[in-house]
Amino acid sequence: MKLLTFRSNDELNLGVQTEFGVLDVVQAVNQLSPNYIVPTTVHEAIQGGSSATDALLQLVKQALASDNRASLLLSETDLDYGPCVTEPSKIICVGLNYRKHAEETNAAIPQTPILFNKFSNTLTGHGHDIALPRVSKEVDYEAELVIVIGKQAKYVAKEQALEHVYGYCCVNDLSARDLQMRTSQWLLGKSCDGFSPLGPYLVTADEVGNPNDLKISTTVNGKVRQNSNTSDMIFHCDEIVSYISQHMTLYPGDIILTGTPEGVVLGDPVDQRVYLQDGDVVTITIEKLGSLTNRLVSE
């Protein structure tokens, strides 16, 4: 199942992608299932687990069979997308987690996952403009697979780690390199407003299958900049979830950004680096998860 959020009347509503358009879950519940328990936000869907998923699937079937189907379905081109996960209690990032990316930046291959965090101010949706911060001249793109936690996880073994995952989505882990490298702590360069566009879809784990074998790419103004596979990760998704859970409790809705492959601007020779400019359009595509597009604009 592919979930998304979209803005309607100053609220972020839950949608489900179908072959006929996006089902407006709130409208469908009001019209078809007012007496049934159906999640109407993405976090209710995540926290509700399999029973919530079953309820949404049943609602989709009802809606598509309804005489009022057209009134419940929206065109994706008309949506004002929100981030596909709206209120994560944690945004945890893994640095230098692709072998070829570590090599292109002349960094040592990590022996344990390198963790840092971002904040909710970085979240935005597919199709939104993102301001280039006035304090940086070196904003870079990073295509990344996101793990979305579905069950509370603490001291989880690697073998059971993926059982705690609800689904996956795309993110552009935008990075202001001049701010990032100013000190030994990367946080400043990673946490500018809008620096984690997330989506367009949250795809449930059953539809994704093996997260460690997905094509991942970036284009800037239509030109391919990154083109890799999640199989190049140094620490795979099960290892990452297990490792983090040894140190902190993961809760439903928490998100983990799993690192970026080679092809970032920082990996180019210094005299050939062309960082993102006003008007650049960046698209992150991950197999089975769709494409996330945002335009960079001067603030």
# chains A, B, ... in the order shown; residues from 1 in each chain; ligands from 1
call {"tool": "residues_around", "arguments": {"residues": "A:Leu145", "least_positions_apart": "3", "cutoff": "9 Å", "atoms": "only C-alpha atoms", "output": "NGL selection string"}}
result
:A and (168-172 or 211 or 216 or 230 or 256-260 or 286)
call {"tool": "closest_atom_pairs", "arguments": {"of": "stretch 182-253 of chain A", "to": "stretch 30-50 of chain A", "cutoff": "10 Å", "atoms": "only C-alpha atoms", "output": "Markdown table"}}
result
| residue | atom | partner | partner_atom | distance |
| --- | --- | --- | --- | --- |
| A:Leu202 | CA | A:Val42 | CA | 9.0 |
| A:Thr204 | CA | A:Ile46 | CA | 9.5 |
| A:Tyr251 | CA | A:Gln47 | CA | 9.0 |
| A:Pro252 | CA | A:Gln47 | CA | 5.7 |
| A:Gly253 | CA | A:His43 | CA | 6.4 |
call {"tool": "write_last_selection", "arguments": {"atoms": "all heavy atoms", "output": "mmCIF file, in the first residue's frame"}}
result
data_model
loop_
_atom_site.group_PDB
_atom_site.id
_atom_site.type_symbol
_atom_site.label_atom_id
_atom_site.label_comp_id
_atom_site.auth_asym_id
_atom_site.auth_seq_id
_atom_site.Cartn_x
_atom_site.Cartn_y
_atom_site.Cartn_z
ATOM 1 N N LEU A 202 4.715 6.838 1.376
ATOM 2 C CA LEU A 202 5.198 5.880 2.361
ATOM 3 C C LEU A 202 4.685 4.521 1.895
ATOM 4 O O LEU A 202 3.468 4.286 1.881
ATOM 5 C CB LEU A 202 4.662 6.224 3.751
ATOM 6 C CG LEU A 202 4.804 5.154 4.830
ATOM 7 C CD1 LEU A 202 6.242 4.698 4.994
ATOM 8 C CD2 LEU A 202 4.224 5.654 6.148
ATOM 9 N N THR A 204 4.388 0.494 2.221
ATOM 10 C CA THR A 204 4.459 -0.510 3.272
ATOM 11 C C THR A 204 5.491 -1.580 2.924
ATOM 12 O O THR A 204 5.742 -1.874 1.749
ATOM 13 C CB THR A 204 3.089 -1.157 3.507
ATOM 14 O OG1 THR A 204 2.538 -1.603 2.265
ATOM 15 C CG2 THR A 204 2.136 -0.157 4.154
ATOM 16 N N TYR A 251 10.344 4.196 18.222
ATOM 17 C CA TYR A 251 8.888 4.175 18.349
ATOM 18 C C TYR A 251 8.236 4.269 16.967
ATOM 19 O O TYR A 251 8.845 4.775 16.013
ATOM 20 C CB TYR A 251 8.422 5.331 19.217
ATOM 21 C CG TYR A 251 8.838 5.205 20.665
ATOM 22 C CD1 TYR A 251 9.944 5.904 21.151
ATOM 23 C CD2 TYR A 251 8.123 4.388 21.545
ATOM 24 C CE1 TYR A 251 10.334 5.779 22.483
ATOM 25 C CE2 TYR A 251 8.506 4.261 22.869
ATOM 26 C CZ TYR A 251 9.608 4.960 23.333
ATOM 27 O OH TYR A 251 9.999 4.830 24.644
ATOM 28 N N PRO A 252 6.985 3.796 16.853
ATOM 29 C CA PRO A 252 6.283 3.915 15.572
ATOM 30 C C PRO A 252 6.288 5.348 15.056
ATOM 31 O O PRO A 252 5.993 6.287 15.794
ATOM 32 C CB PRO A 252 4.859 3.440 15.916
ATOM 33 C CG PRO A 252 5.049 2.493 17.052
ATOM 34 C CD PRO A 252 6.176 3.086 17.864
ATOM 35 N N GLY A 253 6.655 5.501 13.810
ATOM 36 C CA GLY A 253 6.737 6.830 13.195
ATOM 37 C C GLY A 253 8.116 7.429 13.194
ATOM 38 O O GLY A 253 8.358 8.412 12.477
#
call {"tool": "residues_around", "arguments": {"residues": "A:Gln17", "least_positions_apart": "4", "cutoff": "9 Å", "atoms": "only C-alpha atoms", "output": "list of chain:residue names"}}
result
A:Met1, A:Lys2, A:Leu3, A:Leu4, A:Gly21, A:Val22, A:Leu23, A:Glu76, A:Tyr201
call {"tool": "write_last_selection", "arguments": {"atoms": "C-alpha atoms", "output": "PDB file, in the first residue's frame"}}
result
ATOM      1  CA  MET A   1       0.000   0.000   0.000  1.00  0.00           C
ATOM      2  CA  LYS A   2       1.171   3.514  -0.818  1.00  0.00           C
ATOM      3  CA  LEU A   3       0.204   6.199   1.683  1.00  0.00           C
ATOM      4  CA  LEU A   4       0.689   9.944   1.342  1.00  0.00           C
ATOM      5  CA  GLY A  21      -6.307   8.255  -8.276  1.00  0.00           C
ATOM      6  CA  VAL A  22      -5.662   9.132  -4.649  1.00  0.00           C
ATOM      7  CA  LEU A  23      -8.347   8.125  -2.187  1.00  0.00           C
ATOM      8  CA  GLU A  76      -2.070  13.514  -7.872  1.00  0.00           C
ATOM      9  CA  TYR A 201       4.726   7.943  -0.752  1.00  0.00           C
TER      10      TYR A 201
END
call {"tool": "closest_residue", "arguments": {"among": "A:Ala55, A:Val29, A:Val94, A:Leu115", "to": "A:Met233", "atoms": "only C-alpha atoms"}}
result
A:Val94
call {"tool": "atom_distance", "arguments": {"atom1": "atom CA of A:Asn227", "atom2": "atom CA of A:Lys118"}}
result
24.7 Å
call {"tool": "closest_residue", "arguments": {"among": "A:Leu74, A:Ala108, A:Leu79, A:Val60", "to": "A:Gly127", "atoms": "only C-alpha atoms"}}
result
A:Leu79
call {"tool": "select_by_dssp", "arguments": {"residues": "stretch 127-219 of chain A", "states": "helix (DSSP H, G or I)", "output": "NGL selection string"}}
result
:A and (158-164 or 177-180 or 187-190 or 205-208)
call {"tool": "write_last_selection", "arguments": {"atoms": "N, CA and C atoms", "output": "mmCIF file, in the first residue's frame"}}
result
data_model
loop_
_atom_site.group_PDB
_atom_site.id
_atom_site.type_symbol
_atom_site.label_atom_id
_atom_site.label_comp_id
_atom_site.auth_asym_id
_atom_site.auth_seq_id
_atom_site.Cartn_x
_atom_site.Cartn_y
_atom_site.Cartn_z
ATOM 1 N N LYS A 158 19.360 -8.430 14.932
ATOM 2 C CA LYS A 158 19.332 -8.164 13.494
ATOM 3 C C LYS A 158 18.311 -9.044 12.789
ATOM 4 N N GLU A 159 18.189 -10.280 13.226
ATOM 5 C CA GLU A 159 17.300 -11.230 12.566
ATOM 6 C C GLU A 159 15.829 -10.834 12.679
ATOM 7 N N GLN A 160 15.482 -10.080 13.718
ATOM 8 C CA GLN A 160 14.093 -9.654 13.903
ATOM 9 C C GLN A 160 13.879 -8.171 13.575
ATOM 10 N N ALA A 161 14.932 -7.477 13.169
ATOM 11 C CA ALA A 161 14.856 -6.012 13.043
ATOM 12 C C ALA A 161 13.808 -5.550 12.040
ATOM 13 N N LEU A 162 13.751 -6.184 10.876
ATOM 14 C CA LEU A 162 12.831 -5.713 9.843
ATOM 15 C C LEU A 162 11.371 -5.981 10.190
ATOM 16 N N GLU A 163 11.120 -6.822 11.184
ATOM 17 C CA GLU A 163 9.757 -7.031 11.661
ATOM 18 C C GLU A 163 9.211 -5.780 12.344
ATOM 19 N N HIS A 164 10.093 -4.867 12.687
ATOM 20 C CA HIS A 164 9.709 -3.635 13.374
ATOM 21 C C HIS A 164 9.585 -2.454 12.403
ATOM 22 N N ARG A 177 27.315 22.031 2.726
ATOM 23 C CA ARG A 177 28.638 21.472 3.046
ATOM 24 C C ARG A 177 29.530 22.450 3.792
ATOM 25 N N ASP A 178 29.445 23.751 3.469
ATOM 26 C CA ASP A 178 30.304 24.710 4.159
ATOM 27 C C ASP A 178 29.922 24.825 5.630
ATOM 28 N N LEU A 179 28.637 24.656 5.946
ATOM 29 C CA LEU A 179 28.212 24.650 7.345
ATOM 30 C C LEU A 179 28.508 23.307 8.003
ATOM 31 N N GLN A 180 28.313 22.241 7.250
ATOM 32 C CA GLN A 180 28.543 20.896 7.783
ATOM 33 C C GLN A 180 29.991 20.694 8.212
ATOM 34 N N LEU A 187 25.643 18.687 12.366
ATOM 35 C CA LEU A 187 24.239 19.050 12.523
ATOM 36 C C LEU A 187 23.860 20.350 11.810
ATOM 37 N N LEU A 188 24.666 21.390 11.937
ATOM 38 C CA LEU A 188 24.292 22.699 11.402
ATOM 39 C C LEU A 188 24.034 22.634 9.900
ATOM 40 N N GLY A 189 24.885 21.932 9.178
ATOM 41 C CA GLY A 189 24.734 21.855 7.730
ATOM 42 C C GLY A 189 23.619 20.945 7.265
ATOM 43 N N LYS A 190 23.023 20.213 8.183
ATOM 44 C CA LYS A 190 21.986 19.245 7.841
ATOM 45 C C LYS A 190 20.587 19.692 8.239
ATOM 46 N N ALA A 205 6.079 -2.156 3.974
ATOM 47 C CA ALA A 205 7.212 -3.074 3.815
ATOM 48 C C ALA A 205 6.866 -4.274 2.948
ATOM 49 N N ASP A 206 5.623 -4.735 3.011
ATOM 50 C CA ASP A 206 5.250 -5.916 2.219
ATOM 51 C C ASP A 206 5.352 -5.662 0.729
ATOM 52 N N GLU A 207 5.142 -4.410 0.309
ATOM 53 C CA GLU A 207 5.240 -4.077 -1.120
ATOM 54 C C GLU A 207 6.680 -3.878 -1.569
ATOM 55 N N VAL A 208 7.549 -3.549 -0.631
ATOM 56 C CA VAL A 208 8.943 -3.257 -0.983
ATOM 57 C C VAL A 208 9.774 -4.528 -1.053
#
call {"tool": "residues_around", "arguments": {"residues": "A:Phe119", "least_positions_apart": "3", "cutoff": "8 Å", "atoms": "only C-alpha atoms", "output": "PDB file with C-alpha atoms, in the first residue's frame"}}
result
ATOM      1  CA  LYS A  90      13.161  10.972  15.994  1.00  0.00           C
ATOM      2  CA  ILE A  91      14.911  11.728  12.699  1.00  0.00           C
ATOM      3  CA  THR A 122      13.599  20.063   7.876  1.00  0.00           C
ATOM      4  CA  LEU A 123      10.469  18.156   6.806  1.00  0.00           C
ATOM      5  CA  SER A 191      19.206  21.058   9.702  1.00  0.00           C
TER       6      SER A 191
END
call {"tool": "residues_around", "arguments": {"residues": "A:Gln246", "least_positions_apart": "5", "cutoff": "12 Å", "atoms": "only C-alpha atoms", "output": "list in words"}}
result
Ala153, Lys154, Tyr155, Val156, Ala157, Lys158, Ala161, Glu239, Ile240 and Val241 of chain A
call {"tool": "write_last_selection", "arguments": {"atoms": "N, CA, C and O atoms", "output": "CSV table (one decimal), in the first residue's frame"}}
result
chain,number,residue,atom,x,y,z
A,153,ALA,N,10.9,-0.7,19.2
A,153,ALA,CA,12.1,-1.6,19.1
A,153,ALA,C,13.1,-1.2,20.2
A,153,ALA,O,13.6,0.0,20.2
A,154,LYS,N,13.5,-2.1,21.0
A,154,LYS,CA,14.5,-1.9,22.0
A,154,LYS,C,15.3,-3.2,22.1
A,154,LYS,O,14.7,-4.3,22.3
A,155,TYR,N,16.6,-3.2,22.0
A,155,TYR,CA,17.5,-4.4,22.0
A,155,TYR,C,17.0,-5.4,21.0
A,155,TYR,O,16.9,-6.6,21.4
A,156,VAL,N,16.8,-5.0,19.8
A,156,VAL,CA,16.3,-6.0,18.8
A,156,VAL,C,17.4,-6.6,18.1
A,156,VAL,O,18.4,-5.9,17.7
A,157,ALA,N,17.4,-7.9,17.9
A,157,ALA,CA,18.4,-8.6,17.1
A,157,ALA,C,18.3,-8.3,15.7
A,157,ALA,O,17.2,-8.0,15.2
A,158,LYS,N,19.4,-8.4,14.9
A,158,LYS,CA,19.3,-8.2,13.5
A,158,LYS,C,18.3,-9.0,12.8
A,158,LYS,O,17.6,-8.6,11.9
A,161,ALA,N,14.9,-7.5,13.2
A,161,ALA,CA,14.9,-6.0,13.0
A,161,ALA,C,13.8,-5.5,12.0
A,161,ALA,O,13.0,-4.6,12.3
A,239,GLU,N,20.7,-4.3,10.0
A,239,GLU,CA,21.8,-4.0,10.9
A,239,GLU,C,21.6,-2.6,11.6
A,239,GLU,O,21.9,-2.4,12.7
A,240,ILE,N,21.1,-1.6,10.8
A,240,ILE,CA,20.9,-0.3,11.2
A,240,ILE,C,19.9,-0.2,12.3
A,240,ILE,O,20.1,0.4,13.4
A,241,VAL,N,18.7,-0.8,12.1
A,241,VAL,CA,17.6,-0.8,13.1
A,241,VAL,C,18.1,-1.5,14.3
A,241,VAL,O,17.9,-1.0,15.5
call {"tool": "residues_around", "arguments": {"residues": "A:Asn13", "least_positions_apart": "4", "cutoff": "10 Å", "atoms": "only C-alpha atoms", "output": "list in words"}}
result
Leu4, Thr5, Phe6, Arg7, Ser8, Asn9, Asp24, Val25, Val26, Gln27, Thr40, Thr41, Val42, Tyr81 and Gly82 of chain A
call {"tool": "closest_atom_pairs", "arguments": {"of": "stretch 110-208 of chain A", "to": "stretch 265-272 of chain A", "cutoff": "12 Å", "atoms": "only C-alpha atoms", "output": "Markdown table"}}
result
| residue | atom | partner | partner_atom | distance |
| --- | --- | --- | --- | --- |
| A:Glu138 | CA | A:Val265 | CA | 8.9 |
| A:Val139 | CA | A:Val265 | CA | 8.8 |
| A:Asp140 | CA | A:Val265 | CA | 6.1 |
| A:Tyr141 | CA | A:Val265 | CA | 7.6 |
| A:Glu142 | CA | A:Val265 | CA | 9.2 |
| A:Leu174 | CA | A:Val265 | CA | 11.3 |
| A:Ser175 | CA | A:Leu266 | CA | 9.9 |
| A:Ala176 | CA | A:Leu266 | CA | 10.3 |
| A:Arg177 | CA | A:Leu266 | CA | 7.6 |
| A:Asp178 | CA | A:Leu266 | CA | 10.3 |
| A:Gln180 | CA | A:Leu266 | CA | 11.4 |
| A:Met181 | CA | A:Leu266 | CA | 11.0 |
call {"tool": "closest_residue", "arguments": {"among": "A:Leu57, A:Cys192, A:Ala28, A:Ile234", "to": "A:Asn121", "atoms": "only C-alpha atoms"}}
result
A:Cys192
